[in-house]
$ cat coords28.tsv   # TSV, C-alpha atoms
chain	number	residue	atom	x	y	z
A	1	MET	CA	57.18	11.12	-40.68
A	2	GLY	CA	55.12	12.06	-37.65
A	3	GLN	CA	52.13	10.27	-36.24
A	4	LEU	CA	48.87	10.61	-38.15
A	5	ARG	CA	46.57	13.02	-36.36
A	6	PHE	CA	43.06	14.15	-37.25
A	7	ARG	CA	40.43	16.55	-36.12
A	8	MET	CA	36.77	16.16	-37.05
A	9	TRP	CA	33.77	18.25	-37.92
A	10	ASP	CA	30.56	16.73	-36.63
A	11	ALA	CA	28.04	17.80	-39.26
A	12	PHE	CA	25.05	16.88	-37.08
A	13	LEU	CA	26.18	18.63	-33.88
A	14	LYS	CA	27.99	21.42	-35.77
A	15	ARG	CA	31.03	20.91	-33.56
A	16	MET	CA	34.78	20.63	-34.15
A	17	GLY	CA	36.72	18.08	-32.11
A	18	GLN	CA	39.98	16.22	-31.93
A	19	VAL	CA	39.98	12.55	-32.93
A	20	SER	CA	41.10	10.33	-30.05
A	21	GLU	CA	40.46	7.00	-31.76
A	22	LEU	CA	39.57	5.94	-35.27
A	23	ASP	CA	37.85	2.54	-35.62
A	24	LEU	CA	37.76	1.77	-39.33
A	25	LYS	CA	36.44	-1.76	-38.80
A	26	ASN	CA	33.25	-0.49	-37.13
A	27	GLN	CA	33.23	2.86	-38.97
A	28	MET	CA	33.28	4.84	-35.71
A	29	VAL	CA	35.32	7.72	-34.37
A	30	LEU	CA	35.92	8.64	-30.72
A	31	ASP	CA	36.40	12.34	-30.07
A	32	ASP	CA	38.30	14.19	-27.36
A	33	ARG	CA	35.14	14.36	-25.20
A	34	GLY	CA	34.75	10.58	-25.24
A	35	ILE	CA	31.77	10.65	-27.64
A	36	LYS	CA	31.57	7.89	-30.26
A	37	THR	CA	30.17	8.93	-33.62
A	38	SER	CA	29.63	7.22	-36.95
A	39	LEU	CA	32.24	8.07	-39.58
A	40	GLU	CA	29.34	8.93	-41.91
A	41	GLN	CA	28.41	11.83	-39.63
A	42	VAL	CA	31.85	13.47	-39.49
A	43	ARG	CA	34.38	15.03	-41.83
A	44	LEU	CA	37.97	14.11	-40.99
A	45	MET	CA	40.76	16.65	-41.46
A	46	GLU	CA	44.36	15.45	-41.45
A	47	PHE	CA	47.11	17.31	-39.59
A	48	SER	CA	49.74	18.62	-42.01
A	49	GLY	CA	52.62	18.04	-39.60
A	50	HIS	CA	53.25	21.80	-39.50
A	51	ASN	CA	52.20	24.77	-37.39
A	52	ASP	CA	51.35	28.28	-38.53
A	53	VAL	CA	53.23	31.46	-37.56
A	54	ASN	CA	51.46	31.48	-34.17
A	55	GLY	CA	52.27	27.84	-33.42
A	56	ASP	CA	48.72	26.64	-34.18
A	57	PRO	CA	48.51	23.26	-35.94
A	58	LEU	CA	47.63	23.37	-39.63
A	59	PHE	CA	44.93	20.93	-40.73
A	60	GLN	CA	43.30	20.03	-44.01
A	61	GLY	CA	40.33	22.35	-44.47
A	62	ASP	CA	41.90	25.31	-42.69
A	63	ILE	CA	41.34	28.75	-44.12
A	64	VAL	CA	44.74	30.42	-44.03
A	65	LEU	CA	46.19	33.82	-44.77
A	66	GLN	CA	49.50	33.79	-46.65
A	67	LEU	CA	51.13	36.67	-44.81
A	68	ASP	CA	53.78	37.73	-47.33
A	69	GLN	CA	51.29	38.03	-50.20
A	70	LYS	CA	48.18	38.91	-48.17
A	71	VAL	CA	46.04	36.30	-49.92
A	72	TYR	CA	43.60	33.80	-48.43
A	73	GLY	CA	43.51	30.16	-49.31
A	74	ILE	CA	42.38	26.74	-48.20
A	75	LEU	CA	44.84	24.11	-47.06
A	76	ASP	CA	43.85	20.81	-48.65
A	77	LYS	CA	45.22	17.53	-49.96
A	78	GLY	CA	45.88	17.37	-53.69
A	79	SER	CA	48.52	17.29	-56.36
A	80	PHE	CA	50.93	19.79	-57.86
A	81	SER	CA	53.81	19.80	-60.29
A	82	ASN	CA	57.08	21.68	-60.07
A	83	GLY	CA	57.47	21.42	-63.84
A	84	THR	CA	59.39	18.17	-63.85
A	85	GLU	CA	57.76	16.05	-61.14
A	86	LEU	CA	54.16	15.44	-60.09
A	87	PHE	CA	53.51	15.24	-56.36
A	88	SER	CA	50.24	13.55	-55.34
A	89	ASN	CA	48.34	13.31	-52.04
A	90	VAL	CA	50.28	16.19	-50.52
A	91	PHE	CA	49.16	19.37	-48.78
A	92	VAL	CA	48.51	22.23	-51.19
A	93	PHE	CA	47.51	25.88	-50.83
A	94	LEU	CA	44.42	26.67	-52.92
A	95	GLU	CA	44.38	30.45	-53.35
A	96	LEU	CA	40.92	32.00	-53.14
A	97	THR	CA	39.94	34.67	-55.66
A	98	ALA	CA	37.12	37.20	-55.56
A	99	SER	CA	35.32	35.33	-58.35
A	100	GLY	CA	34.89	32.24	-56.18
A	101	GLN	CA	37.44	30.22	-58.09
A	102	THR	CA	40.56	28.73	-56.58
A	103	LYS	CA	43.91	28.98	-58.28
A	104	ALA	CA	45.80	25.75	-58.85
A	105	GLY	CA	47.25	24.22	-55.74
A	106	VAL	CA	50.85	24.96	-54.92
A	107	ALA	CA	53.18	23.69	-52.24
A	108	PRO	CA	52.60	25.95	-49.25
A	109	ASP	CA	55.33	27.69	-47.30
A	110	PHE	CA	53.91	26.67	-43.92
A	111	SER	CA	56.07	29.23	-42.08
A	112	ARG	CA	54.17	32.08	-43.78
A	113	LEU	CA	50.63	30.85	-43.10
A	114	LYS	CA	48.25	32.02	-40.40
A	115	VAL	CA	45.09	30.03	-39.59
A	116	THR	CA	42.01	32.26	-39.71
A	117	GLY	CA	39.33	29.56	-39.53
A	118	ASN	CA	38.17	26.43	-41.27
A	119	VAL	CA	35.84	25.61	-44.13
A	120	TYR	CA	33.07	24.27	-41.86
A	121	GLN	CA	32.83	26.87	-39.12
A	122	GLN	CA	33.54	29.82	-41.42
A	123	ALA	CA	31.49	28.72	-44.44
A	124	ASP	CA	29.72	32.11	-44.44
A	125	PHE	CA	33.06	33.93	-44.68
A	126	LEU	CA	33.95	31.87	-47.77
A	127	LYS	CA	30.58	32.51	-49.36
A	128	ASP	CA	30.34	36.22	-48.52
A	129	ARG	CA	33.92	37.25	-49.29
A	130	PHE	CA	34.86	34.84	-52.08
A	131	ASN	CA	31.52	33.49	-53.36
A	132	CYS	CA	33.01	30.08	-52.60
A	133	VAL	CA	31.40	26.90	-51.26
A	134	TYR	CA	33.81	24.18	-50.15
A	135	HIS	CA	32.89	20.57	-50.89
A	136	ALA	CA	34.88	17.90	-49.09

$ encode --input "coords28.tsv" --output "structure tokens"
Amino acid sequence: MGQLRFRMWDAFLKRMGQVSELDLKNQMVLDDRGIKTSLEQVRLMEFSGHNDVNGDPLFQGDIVLQLDQKVYGILDKGSFSNGTELFSNVFVFLELTASGQTKAGVAPDFSRLKVTGNVYQQADFLKDRFNCVYHA
């Protein structure tokens, strides 16, 4: 398994950044610009360990296009079953529907995903196109 890697959405500054250091004892995070912020102020997004078709890293909270089926979804952590086994705390693809609902999470084929944004910076896209509001 690869090294844990996170990016962060600073809800106060409305800025995405890479996490350089995570201090759980003091509940602080240091970003790639050298700015320390309280963990309460940020939303952490875990790296999936995979890249999309363009070589961009895939993170929790990414809005992705599944190229072979031309459907949008959100990459998130969750559970899914293959019919015989239950897999928990794994990355899943939550397909977005026009009604604002998401279909049950399935194991994504990372090689067929293209990052188009993320749930924080493209919240309007989710609301306007899918009538969807993401809650982390």

$ residues_around --input "coords28.tsv" --residues "Val119 (chain A)" --least-positions-apart "2" --cutoff "8 Å" --atoms "only C-alpha atoms" --output "number ranges by chain"
A: 61-63, 74, 117, 121-123, 126, 134

$ residues_around --input "coords28.tsv" --residues "Pro108 (chain A)" --least-positions-apart "3" --cutoff "8 Å" --atoms "all atoms listed in the file" --output "number ranges by chain"
A: 91-93

$ residues_around --input "coords28.tsv" --residues "Lys77 (chain A)" --least-positions-apart "2" --cutoff "8 Å" --atoms "only C-alpha atoms" --output "PyMOL selection string"
chain A and resi 60+75+79+89-92

$ atom_distance --input "coords28.tsv" --atom1 "CA of Arg33 (chain A)" --atom2 "CA of Val133 (chain A)"
29.2 Å

$ closest_residue --input "coords28.tsv" --among "A:Cys132, A:Val42, A:Leu58, A:Val29" --to "Leu13 (chain A)" --atoms "all atoms listed in the file"
A:Val42

$ atom_distance --input "coords28.tsv" --atom1 "CA of Val106 (chain A)" --atom2 "CA of Gly78 (chain A)"
9.2 Å

$ residues_around --input "coords28.tsv" --residues "Gln69 (chain A)" --least-positions-apart "3" --cutoff "12 Å" --atoms "only C-alpha atoms" --output "list in words"
Val64, Leu65, Gln66, Tyr72, Gly73, Glu95, Asp109, Arg112, Leu113 and Lys114 of chain A

$ residues_near_point --input "coords28.tsv" --point "(50.7, 30.7, -36.6)" --cutoff "7 Å" --atoms "all atoms listed in the file" --output "ChimeraX atom specification"
/A:51-56,113-115

$ closest_residue --input "coords28.tsv" --among "A:Leu39, A:His50, A:Gln27, A:Phe12" --to "Ser111 (chain A)" --atoms "only C-alpha atoms"
A:His50

$ atom_distance --input "coords28.tsv" --atom1 "CA of Asp10 (chain A)" --atom2 "CA of Ser88 (chain A)"
27.3 Å
